[in-house]
Amino acid sequence: METIRDIMTDEVECCTLLDNMFEVALKMKELNVGAIPIVDQDKLLGMITDRDIVIRGVAEKHPGSSKVGEIMSHDMITVSPDTTSKEAAKLMAQHQIRRLPVVEDSRLIGIVSLGDFAISELTDDQAKEALTEISEQNYNGIQH
């Protein structure tokens, strides 16, 4: 059975609590990504998404110089590299999330996203079905 280690992205660009909202937004633009993990010496502290920047940052009138700790998501759903793709897909569907940080011994070692499942030829049909459900619900306006 396929594990997350088989499909995860293991070179993940991160930011720290020293970074501000503007710096994270620039990094997202440069990398063409919608989420950046926040770490302290490889330990995952949270995640900041483009949506966090808009909803918790801009809409709440925080300046670009606001520290990421003020607007990032703290409660993270994570998986280990040995989690099966089926288990990960189930978590993503259950929590309506598009990315899962991969953590080993409290250290961020990778990230798995809907895109990783989409391009993996190994992903089983049940996992793909669960992930299709997430995409359809998110794109049909049920949850963004």
# chains A, B, ... in the order shown; residues from 1 in each chain; ligands from 1
>>> residues_around(residues="region 63-77 of chain A", least_positions_apart="2", cutoff="12 Å", atoms="only C-alpha atoms", output="PyMOL selection string")
chain A and resi 14-26+35-40+44-61+79-80+88+90-103+108+111-112
>>> residues_around(residues="region 82-87 of chain A", least_positions_apart="2", cutoff="6 Å", atoms="only C-alpha atoms", output="count of residues only")
7
>>> atom_distance(atom1="CA of Glu104 (chain A)", atom2="CA of Pro81 (chain A)")
7.2 Å
>>> atom_distance(atom1="CA of Asp42 (chain A)", atom2="CA of Thr78 (chain A)")
14.3 Å
>>> atom_distance(atom1="CA of Gln41 (chain A)", atom2="CA of Arg107 (chain A)")
8.3 Å
>>> select_by_dssp(residues="chain A", states="helix (DSSP H, G or I)", output="PDB file with C-alpha atoms, in the first residue's frame")
ATOM      1  CA  ILE A   4       2.658   9.492   2.070  1.00  0.00           C
ATOM      2  CA  ARG A   5       6.443   9.187   1.840  1.00  0.00           C
ATOM      3  CA  ASP A   6       5.913   7.931  -1.737  1.00  0.00           C
ATOM      4  CA  ILE A   7       4.036  11.015  -2.933  1.00  0.00           C
ATOM      5  CA  MET A  21       2.658  38.963   6.353  1.00  0.00           C
ATOM      6  CA  PHE A  22       4.138  40.901   3.418  1.00  0.00           C
ATOM      7  CA  GLU A  23       7.264  38.705   3.276  1.00  0.00           C
ATOM      8  CA  VAL A  24       5.159  35.547   3.293  1.00  0.00           C
ATOM      9  CA  ALA A  25       2.904  36.910   0.547  1.00  0.00           C
ATOM     10  CA  LEU A  26       5.971  37.698  -1.586  1.00  0.00           C
ATOM     11  CA  LYS A  27       7.344  34.190  -1.046  1.00  0.00           C
ATOM     12  CA  MET A  28       3.969  32.725  -2.065  1.00  0.00           C
ATOM     13  CA  LYS A  29       4.042  34.814  -5.239  1.00  0.00           C
ATOM     14  CA  GLU A  30       7.630  33.825  -6.088  1.00  0.00           C
ATOM     15  CA  LEU A  31       6.966  30.125  -5.495  1.00  0.00           C
ATOM     16  CA  ASP A  50      -3.252  32.962   1.046  1.00  0.00           C
ATOM     17  CA  ARG A  51      -6.730  32.816   2.584  1.00  0.00           C
ATOM     18  CA  ASP A  52      -5.306  33.544   6.061  1.00  0.00           C
ATOM     19  CA  ILE A  53      -3.601  36.630   4.650  1.00  0.00           C
ATOM     20  CA  VAL A  54      -6.856  37.870   3.126  1.00  0.00           C
ATOM     21  CA  ILE A  55      -9.293  36.945   5.923  1.00  0.00           C
ATOM     22  CA  ARG A  56      -7.202  37.361   9.079  1.00  0.00           C
ATOM     23  CA  GLY A  57      -4.785  39.909   7.676  1.00  0.00           C
ATOM     24  CA  VAL A  58      -6.125  42.328   5.087  1.00  0.00           C
ATOM     25  CA  VAL A  68       2.846  35.726  10.832  1.00  0.00           C
ATOM     26  CA  GLY A  69       2.023  34.456  14.315  1.00  0.00           C
ATOM     27  CA  GLU A  70      -0.909  36.891  14.397  1.00  0.00           C
ATOM     28  CA  SER A  85      -2.534   7.597   1.073  1.00  0.00           C
ATOM     29  CA  LYS A  86      -5.992   6.271   1.903  1.00  0.00           C
ATOM     30  CA  GLU A  87      -5.739   7.445   5.543  1.00  0.00           C
ATOM     31  CA  ALA A  88      -4.401  10.845   4.469  1.00  0.00           C
ATOM     32  CA  ALA A  89      -7.169  11.294   1.902  1.00  0.00           C
ATOM     33  CA  LYS A  90      -9.739  10.422   4.544  1.00  0.00           C
ATOM     34  CA  LEU A  91      -8.286  13.085   6.882  1.00  0.00           C
ATOM     35  CA  MET A  92      -8.292  15.667   4.104  1.00  0.00           C
ATOM     36  CA  ALA A  93     -11.914  14.919   3.225  1.00  0.00           C
ATOM     37  CA  GLN A  94     -13.016  14.849   6.864  1.00  0.00           C
ATOM     38  CA  HIS A  95     -11.402  18.213   7.668  1.00  0.00           C
ATOM     39  CA  LEU A 114      -4.317  17.489  -3.484  1.00  0.00           C
ATOM     40  CA  GLY A 115      -1.981  17.965  -6.438  1.00  0.00           C
ATOM     41  CA  ASP A 116       0.365  15.263  -5.154  1.00  0.00           C
ATOM     42  CA  PHE A 117      -2.506  12.792  -5.102  1.00  0.00           C
ATOM     43  CA  ALA A 118      -3.677  13.894  -8.526  1.00  0.00           C
ATOM     44  CA  ILE A 119      -0.335  13.172 -10.204  1.00  0.00           C
ATOM     45  CA  ASP A 125      -9.367   4.748  -6.184  1.00  0.00           C
ATOM     46  CA  GLN A 126     -10.854   5.362  -2.726  1.00  0.00           C
ATOM     47  CA  ALA A 127      -8.305   8.080  -2.000  1.00  0.00           C
ATOM     48  CA  LYS A 128      -8.959   9.735  -5.354  1.00  0.00           C
ATOM     49  CA  GLU A 129     -12.699   9.616  -4.721  1.00  0.00           C
ATOM     50  CA  ALA A 130     -12.311  11.294  -1.315  1.00  0.00           C
ATOM     51  CA  LEU A 131     -10.093  13.989  -2.787  1.00  0.00           C
ATOM     52  CA  THR A 132     -12.475  14.618  -5.673  1.00  0.00           C
ATOM     53  CA  GLU A 133     -15.131  15.252  -3.040  1.00  0.00           C
ATOM     54  CA  ILE A 134     -12.959  17.932  -1.384  1.00  0.00           C
ATOM     55  CA  SER A 135     -12.320  19.680  -4.688  1.00  0.00           C
ATOM     56  CA  GLU A 136     -15.949  19.632  -5.744  1.00  0.00           C
ATOM     57  CA  GLN A 137     -17.153  21.000  -2.415  1.00  0.00           C
ATOM     58  CA  ASN A 138     -14.526  23.732  -2.347  1.00  0.00           C
ATOM     59  CA  TYR A 139     -15.128  24.797  -5.938  1.00  0.00           C
TER      60      TYR A 139
END
